[in-house]
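**Q** Encoded as structure tokens, here's the structure I'll be asking about.
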Amino acid sequence: MDWISPRKLRKLGILNMNRRNVDYIARYNERASYPLVDNKLKTKLAVSEYGVKTPELLQVVRQQHEISHFREMAEGLAGFAIKPAKGSGGKGITVITGRDGDDYIKASGARISVAMLERHLTNILAGLYSLAGTPDVAIVEDLVQSTPSLARYSFQGVPDIRIIIFQGYPVMAMLRLATKDSDGKANLHQGAVGVGLDVGTGRSLNAVQFNRPIKLHPDTGLALENIQIDSWEDMLEMASRCYEATGLGYMGVDLVVDAYKGPLLLELNARPGLAIQMANGEGLLPRLRNIEALKRPHFSPRERVQYAMGAFGKF
């Protein structure tokens with residue numbers, strides 16, 4: 001059945017886009033904080049003061065003449081990621097995972113020359129991928145080496161974890177797995193798999209692709225039940241600390257688990273999508289209202305995490 005009545009959606013506690021925009025984003029997110037999360041470079045600098053680790057920054061390209069330094073810097077690297085500082089939805093991100101002679105190998109397996117990478121940097125500076133089409137800055141980061149326990153479930157791309165943080169509390173989470181349809185990117189709108197995660201334990205709940213329930217990854221063939229995220233409570237606390245770092249009351253926190261460096265923050269999103277509800281098989285509204293009804297909020301990230309694990313956990 002593809003159609004469901006608005007009444008049934010309300011009964012399930014599904015948060016719709018209008019209510020998200022008016023009751024949560026507009027109400028709890030100060031406009032002055034938006035530039036901080038809409039710019040990956042500013043985000044990295046802000047969260048570092050709160051003990052939130054991010055992938056190592058290798059180079060910042062602000063001006064056209066600095067692109068020549070990129071060729072020198074990348075010469076000795078086997079892998080790295082190029083990102084527009086003000087990009088969104090994964091647009092403009094190029095991930096290099098290897099080298100073959102003079103060519104670099106993208107996460108999809110395609111070969112690309114250094115000249116093409118330099119043109120890509122030029123496009124980023126021109127604002128081709130920025131939110132408002134304004135001039136941008138390119139950042140080059142160290143390549144994330146996903147932990148094997150999660151990498152095996154994803155097709156080519158690095159799996160990441162989206163956690164919705166409301167007033168500093170982690171209220172819902174999902175694992176995003178790349179597919180052929182998503183071109184190796186963990187973007188649900190492009191065809192990535194979303195796996196709902198139990199806030200209390202980090203165990204998988206349900207899985208969806210294109211908003212339809214699935215049991216197996218379409219490309220790896222692996223079952224998506226019984227996935228367990230390691231160091232789950234630490235990841236929740238890292239996400240919770242982003243509330244102090246930004247002051248945003250409602251946001252999405254995207255994390256990855258590096259095989260050598262542990263959990264790392266990829267980016268923050270002041271306007272997180274709503275597909276996380278489909279992946280969890282549950283609406284956000286009851287959880288958001290639970291936090292709004294608290295008589296005495298918890299002031300430390302650890303206290304907020306422990307409350308959320310108890311209040312929203314299913315196991």
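Labeling convention for the structure tokens: chains A, B, ... as they appear, residues from 1 per chain, ligands from 1 in order of appearance.
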Can you tell me, as an MDAnalysis selection string, which residues in segment 78-258 of chain A count as helix (DSSP H, G or I) by DSSP?
**A** chainID A and resid 114:125 148:151 188:190 232:246
**Q** Give me the segment 126-244 of chain A side of the contact with segment 258-271 of chain A, cut-off 9 Å, one line per residue showing its nearest atom pair and distance in Å at one decimal, counting only C-alpha atoms, sorted by chain and residue number, as a tab-separated table.
**A**
```
residue	atom	partner	partner_atom	distance
A:Val144	CA	A:Asp258	CA	5.9
A:Gln145	CA	A:Asp258	CA	5.2
A:Ser146	CA	A:Asp258	CA	4.6
A:Thr147	CA	A:Ala259	CA	4.0
A:Pro148	CA	A:Ala259	CA	7.1
A:Asp160	CA	A:Leu266	CA	8.4
A:Ser231	CA	A:Pro263	CA	8.3
A:Asp234	CA	A:Pro263	CA	8.3
A:Met235	CA	A:Pro263	CA	6.5
A:Met238	CA	A:Leu265	CA	8.3
A:Ala239	CA	A:Leu265	CA	8.2
A:Cys242	CA	A:Leu268	CA	8.4
```
**Q** In Å to one decimal, how far is atom CA of Ala178 of chain A from atom CA of Phe155 of chain A?
**A**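 Spanning atom CA of Phe155 of chain A to atom CA of Ala178 of chain A is a straight-line distance of 5.2 Å.
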**Q** Using only C-alpha atoms, find the one residue out of A:Val47, A:Ala207, A:Leu117, A:Ile96 that sits nearest to Val253 of chain A.
**A**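 Using only C-alpha atoms, the shortest distance to Val253 of chain A belongs to A:Val47.
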**Q** Using only C-alpha atoms, find the one residue out of A:Ile67, A:Leu131, A:Val95, A:Ala74 that sits nearest to Pro35 of chain A.
**A**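 Going through A:Ile67, A:Leu131, A:Val95, A:Ala74 one by one, the smallest distance to Pro35 of chain A is for A:Leu131.
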**Q** Quick one: residues within 6 Å of Gly13 of chain A, only C-alpha atoms counted, chain neighbours fewer than 4 positions away excluded, as a list in words?
**A**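 Non-adjacent residues within range: Gly283, Leu285 and Pro286 of chain A.
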**Q** Just the residues within 9 Å of Ile229 of chain A, please, counting only C-alpha atoms, with nothing from its chain fewer than 4 positions along; format it as a PyMOL selection string.
**A** chain A and resi 149-150+197+201-204
**Q** Check the smallest atom-to-atom distance from each of A:Gly127, A:Pro218, A:Pro297, A:Gly310 to Val171 of chain A using only C-alpha atoms, then report the winner.
**A**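 Distance minimum relative to Val171 of chain A lands on A:Gly310.
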**Q** Rank A:Ser108, A:His189, A:Lys86, A:Ser113 by their smallest atom-to-atom distance to Ala126 of chain A, using only C-alpha atoms, and report the top residue only.
**A**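 Comparing A:Ser108, A:His189, A:Lys86, A:Ser113 against Ala126 of chain A, the winner is A:Lys86.
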**Q** In Å, rounded to a single decimal, give me how far atom CA of Met309 of chain A is from atom CA of Ser48 of chain A.
**A**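 One can read the atom CA of Ser48 of chain A to atom CA of Met309 of chain A distance as 24.9 Å.
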**Q** Determine, counting only C-alpha atoms, which protein, DNA and RNA residues have an atom within 10 Å of an atom of Tyr307 of chain A; residues of the same chain fewer than 3 positions away are not included. Present the result as a ChimeraX atom specification.
**A** /A:169-170,200,291,297-298,301-304,310-313
**Q** Could you write out, as an MDAnalysis selection string, all the residues of segment 107-285 of chain A that DSSP marks as strand (DSSP E or B)?
**A** chainID A and resid 111:112 130 138:142 146 160:166 169:177 193:197 203:209 212:213 216 223 228 250:258 262:269
**Q** Find the spatial neighbours of segment 274-281 of chain A, counting only C-alpha atoms, within a cut-off of 8 Å - ignore same-chain residues fewer than 3 positions away - and output them as a count of residues only.
**A** 18
